[in-house]
Amino acid sequence: MRKRKKRKFKTFLILIFLLGLAFIFYYIDKNDNDYTDKEINKKLKELGYKEDSINKIKELNLIDKINVYSNNLEEALNKNIFNENCIESYINLNKDFNTIYKLCNLNYNDSEIKEITNNLDSDTINKINTYLDKLSLYSTHNNFILDNYDRYNNYEETDIKKKISYVNVNLDYEFYENIKDSINTNNNLVLVNKYYKLSEDYINIMDNISIECAVRYDIKLETKAKEAFEKLCLDAKELGYKIVGVSGYRSYNTQKIIYNNYLKSDSIKNVDTYSARAGHSEHQTGYAIDVSNNNLPYNKFGSTTEYQWAKDNIHKYGFIIRYTTDNQYITGYKNEPWHFRYVGIEAATYIYNNSITLEEYLLNNKEKI
């Protein structure tokens, strides 16, 4: 009987002891929580957050993610439009609040928002109205054009850089499809090719090339191009090379006659590789000239010493060799070492140094357009 009472007493003592421990831990924890809460308030106030924002930060259990003051975060909290999926963007990106809010609402995550806002200008971002799963990837390429997004996706090329570049110069269309009006028609960067067309009444200011630099008196170029070509011609002459113009400006109707004459003896598929359709010829701009060494026919210019000099020097005068074997997939024309195109020294030097086409210079470098 006495043993049973002792066991009950021991059980009672153990129970009291456990209750005591529970109370002690509860008290410690309670005081610890109170202490942490005070520390949280102090930390957030020192960072610059207002009381309402502090309460919401605690409610959302965000304290561990916040070490700096963010006006964007505070604005999102105060407007009750905070989205936890974009907390890194609100806190760490020094971007316009509305931009982050818009992209977050379109379900872009923090990583995507960072890429998009770092690489696209505000005008482009304002055009985004839906979630585009490859947008952040494409945006890292400086030649990305938002309007071409679907075309990039549909173009069969795995290399993203090439995909964007090729679509930008319209290679996702067949030649002479999706034709647009030429761009830069008021300067020497006018783009004329199988996708960009001049109007029938396009005109430019032309001057006759000096007979010293041409095979006839009536060969014309746009004024700046004419002056640049004459300098090229005379400098080459001093070095022992003869480079003269054999064909400069051609009107829309003249080009139409030339093209149609070729069609009388050749298929349209072949003719399109060596002659431009009316409106699609650079000669109509007055910035293009075909040359020879005045000994061999112009179409043999590629076999001359003059060509060897020209290919590495004409960019110094603002000209490029427009059509080569390497760029035929872009231009659609066979190799024409005799076809010089004036684009200005800056553009010509860039094109030469980077071994690219005028299309790539313009359409893959939006600031150049």
# chains A, B, ... in the order shown; residues from 1 in each chain; ligands from 1
call {"tool": "residues_around", "arguments": {"residues": "segment 225-227 of chain A", "least_positions_apart": "2", "cutoff": "10 Å", "atoms": "only C-alpha atoms", "output": "number ranges by chain"}}
result
A: 188, 206-210, 213, 219-223, 229-233, 248, 286-289, 317-319, 341-344
call {"tool": "residues_around", "arguments": {"residues": "segment 327-339 of chain A", "least_positions_apart": "2", "cutoff": "6 Å", "atoms": "only C-alpha atoms", "output": "PDB file with C-alpha atoms, in the first residue's frame"}}
result
ATOM      1  CA  THR A 273      20.546  35.836-108.883  1.00  0.00           C
ATOM      2  CA  TYR A 274      22.318  38.447-111.012  1.00  0.00           C
ATOM      3  CA  ILE A 289      28.522  51.889-109.120  1.00  0.00           C
ATOM      4  CA  ASP A 290      29.872  49.026-111.182  1.00  0.00           C
ATOM      5  CA  VAL A 291      33.590  49.323-111.949  1.00  0.00           C
ATOM      6  CA  PHE A 301      37.112  42.713-112.249  1.00  0.00           C
ATOM      7  CA  GLY A 302      37.451  40.031-109.550  1.00  0.00           C
ATOM      8  CA  ILE A 321      31.711  45.426-102.011  1.00  0.00           C
ATOM      9  CA  TYR A 323      27.597  41.208-103.093  1.00  0.00           C
ATOM     10  CA  THR A 324      29.965  38.352-102.273  1.00  0.00           C
ATOM     11  CA  THR A 325      29.839  34.570-102.328  1.00  0.00           C
TER      12      THR A 325
END
call {"tool": "select_by_dssp", "arguments": {"residues": "segment 142-355 of chain A", "states": "strand (DSSP E or B)", "output": "count of residues only"}}
result
32
call {"tool": "atom_distance", "arguments": {"atom1": "atom CA of Glu174 of chain A", "atom2": "atom CA of Leu263 of chain A"}}
result
19.8 Å
call {"tool": "residues_around", "arguments": {"residues": "Arg250 of chain A", "least_positions_apart": "2", "cutoff": "8 Å", "atoms": "only C-alpha atoms", "output": "number ranges by chain"}}
result
A: 248, 252, 254-255, 283-284, 286
call {"tool": "residues_around", "arguments": {"residues": "Asp172 of chain A", "least_positions_apart": "5", "cutoff": "9 Å", "atoms": "only C-alpha atoms", "output": "ChimeraX atom specification"}}
result
/A:151-152,154-156,166-167
call {"tool": "atom_distance", "arguments": {"atom1": "atom CA of Ile128 of chain A", "atom2": "atom CA of Lys95 of chain A"}}
result
16.2 Å
call {"tool": "residues_around", "arguments": {"residues": "Asn105 of chain A", "least_positions_apart": "5", "cutoff": "12 Å", "atoms": "only C-alpha atoms", "output": "JSON, numbers by chain"}}
result
{"A": [81, 82, 83, 84, 85, 86, 98, 99, 100, 110, 113, 128, 129, 130, 131]}
call {"tool": "residues_around", "arguments": {"residues": "Leu146 of chain A", "least_positions_apart": "6", "cutoff": "10 Å", "atoms": "only C-alpha atoms", "output": "ChimeraX atom specification"}}
result
/A:120,124-125,127-128,135,138-139,152
call {"tool": "select_by_dssp", "arguments": {"residues": "segment 42-252 of chain A", "states": "alpha helix (DSSP H)", "output": "PyMOL selection string"}}
result
chain A and resi 42-47+51-59+71-78+87-92+97-105+110-119+122-127+135-139+149-154+160-168+223-238+252
call {"tool": "write_last_selection", "arguments": {"atoms": "C-alpha atoms", "output": "mmCIF file, in the first residue's frame"}}
result
data_model
loop_
_atom_site.group_PDB
_atom_site.id
_atom_site.type_symbol
_atom_site.label_atom_id
_atom_site.label_comp_id
_atom_site.auth_asym_id
_atom_site.auth_seq_id
_atom_site.Cartn_x
_atom_site.Cartn_y
_atom_site.Cartn_z
ATOM 1 C CA LYS A 42 14.082 48.497 -35.007
ATOM 2 C CA LYS A 43 15.800 46.998 -38.051
ATOM 3 C CA LEU A 44 13.048 47.945 -40.481
ATOM 4 C CA LYS A 45 12.686 51.452 -39.072
ATOM 5 C CA GLU A 46 16.427 52.003 -39.410
ATOM 6 C CA LEU A 47 16.188 50.868 -43.044
ATOM 7 C CA GLU A 51 5.006 51.389 -39.566
ATOM 8 C CA ASP A 52 2.263 50.146 -41.914
ATOM 9 C CA SER A 53 4.845 48.574 -44.170
ATOM 10 C CA ILE A 54 6.638 46.988 -41.211
ATOM 11 C CA ASN A 55 3.433 45.330 -40.062
ATOM 12 C CA LYS A 56 2.790 43.927 -43.537
ATOM 13 C CA ILE A 57 6.378 42.706 -43.839
ATOM 14 C CA LYS A 58 5.921 40.796 -40.580
ATOM 15 C CA GLU A 59 2.535 39.461 -41.637
ATOM 16 C CA ASN A 71 10.630 52.273 -52.305
ATOM 17 C CA ASN A 72 9.171 49.818 -54.830
ATOM 18 C CA LEU A 73 8.543 47.229 -52.123
ATOM 19 C CA GLU A 74 6.952 49.765 -49.815
ATOM 20 C CA GLU A 75 4.732 51.034 -52.638
ATOM 21 C CA ALA A 76 3.625 47.488 -53.484
ATOM 22 C CA LEU A 77 2.823 46.762 -49.841
ATOM 23 C CA ASN A 78 0.930 49.984 -49.323
ATOM 24 C CA ILE A 87 10.174 40.134 -54.197
ATOM 25 C CA GLU A 88 13.765 40.140 -55.497
ATOM 26 C CA SER A 89 12.746 42.495 -58.289
ATOM 27 C CA TYR A 90 11.008 44.885 -55.897
ATOM 28 C CA ILE A 91 13.930 44.920 -53.480
ATOM 29 C CA ASN A 92 17.015 44.737 -55.696
ATOM 30 C CA PHE A 97 7.687 50.410 -60.028
ATOM 31 C CA ASN A 98 5.017 50.152 -62.715
ATOM 32 C CA THR A 99 7.385 48.214 -64.981
ATOM 33 C CA ILE A 100 8.116 45.619 -62.314
ATOM 34 C CA TYR A 101 4.449 45.432 -61.326
ATOM 35 C CA LYS A 102 3.368 44.947 -64.935
ATOM 36 C CA LEU A 103 5.878 42.171 -65.656
ATOM 37 C CA CYS A 104 5.160 40.466 -62.355
ATOM 38 C CA ASN A 105 1.435 40.476 -63.085
ATOM 39 C CA ASP A 110 12.485 37.576 -60.790
ATOM 40 C CA SER A 111 15.151 36.182 -63.102
ATOM 41 C CA GLU A 112 13.129 37.018 -66.221
ATOM 42 C CA ILE A 113 12.266 40.493 -64.991
ATOM 43 C CA LYS A 114 15.937 41.221 -64.380
ATOM 44 C CA GLU A 115 16.927 40.190 -67.923
ATOM 45 C CA ILE A 116 14.031 42.008 -69.554
ATOM 46 C CA THR A 117 14.471 45.297 -67.701
ATOM 47 C CA ASN A 118 18.260 45.244 -68.127
ATOM 48 C CA ASN A 119 18.120 44.634 -71.874
ATOM 49 C CA SER A 122 10.919 51.221 -71.657
ATOM 50 C CA ASP A 123 9.136 51.726 -74.988
ATOM 51 C CA THR A 124 9.642 48.053 -75.848
ATOM 52 C CA ILE A 125 8.581 46.880 -72.395
ATOM 53 C CA ASN A 126 5.410 48.956 -72.672
ATOM 54 C CA LYS A 127 4.437 46.874 -75.717
ATOM 55 C CA LEU A 135 11.417 36.762 -74.039
ATOM 56 C CA SER A 136 14.103 36.962 -71.365
ATOM 57 C CA LEU A 137 16.376 34.703 -73.444
ATOM 58 C CA TYR A 138 15.883 36.668 -76.658
ATOM 59 C CA SER A 139 16.213 39.999 -74.877
ATOM 60 C CA TYR A 149 9.059 37.400 -81.483
ATOM 61 C CA ASP A 150 6.700 34.914 -83.153
ATOM 62 C CA ARG A 151 8.873 34.841 -86.268
ATOM 63 C CA TYR A 152 11.916 33.917 -84.153
ATOM 64 C CA ASN A 153 9.981 31.046 -82.621
ATOM 65 C CA ASN A 154 8.873 29.751 -86.005
ATOM 66 C CA ILE A 160 19.608 31.991 -80.906
ATOM 67 C CA LYS A 161 21.971 34.678 -82.168
ATOM 68 C CA LYS A 162 21.679 33.449 -85.752
ATOM 69 C CA LYS A 163 17.934 32.944 -85.416
ATOM 70 C CA ILE A 164 17.413 36.568 -84.410
ATOM 71 C CA SER A 165 19.876 37.906 -86.952
ATOM 72 C CA TYR A 166 18.417 35.976 -89.885
ATOM 73 C CA VAL A 167 14.818 36.814 -89.071
ATOM 74 C CA ASN A 168 15.709 40.486 -88.674
ATOM 75 C CA THR A 223 26.881 63.994 -104.988
ATOM 76 C CA LYS A 224 28.685 62.655 -101.879
ATOM 77 C CA ALA A 225 29.150 59.241 -103.486
ATOM 78 C CA LYS A 226 30.501 60.847 -106.670
ATOM 79 C CA GLU A 227 33.086 62.880 -104.722
ATOM 80 C CA ALA A 228 34.129 59.838 -102.675
ATOM 81 C CA PHE A 229 34.461 57.669 -105.785
ATOM 82 C CA GLU A 230 36.582 60.228 -107.594
ATOM 83 C CA LYS A 231 38.941 60.377 -104.616
ATOM 84 C CA LEU A 232 39.103 56.574 -104.550
ATOM 85 C CA CYS A 233 39.771 56.501 -108.284
ATOM 86 C CA LEU A 234 42.554 59.111 -108.191
ATOM 87 C CA ASP A 235 44.254 57.645 -105.097
ATOM 88 C CA ALA A 236 44.223 54.203 -106.726
ATOM 89 C CA LYS A 237 45.692 55.700 -109.896
ATOM 90 C CA GLU A 238 48.619 57.153 -107.930
ATOM 91 C CA TYR A 252 13.307 52.595 -112.306
#
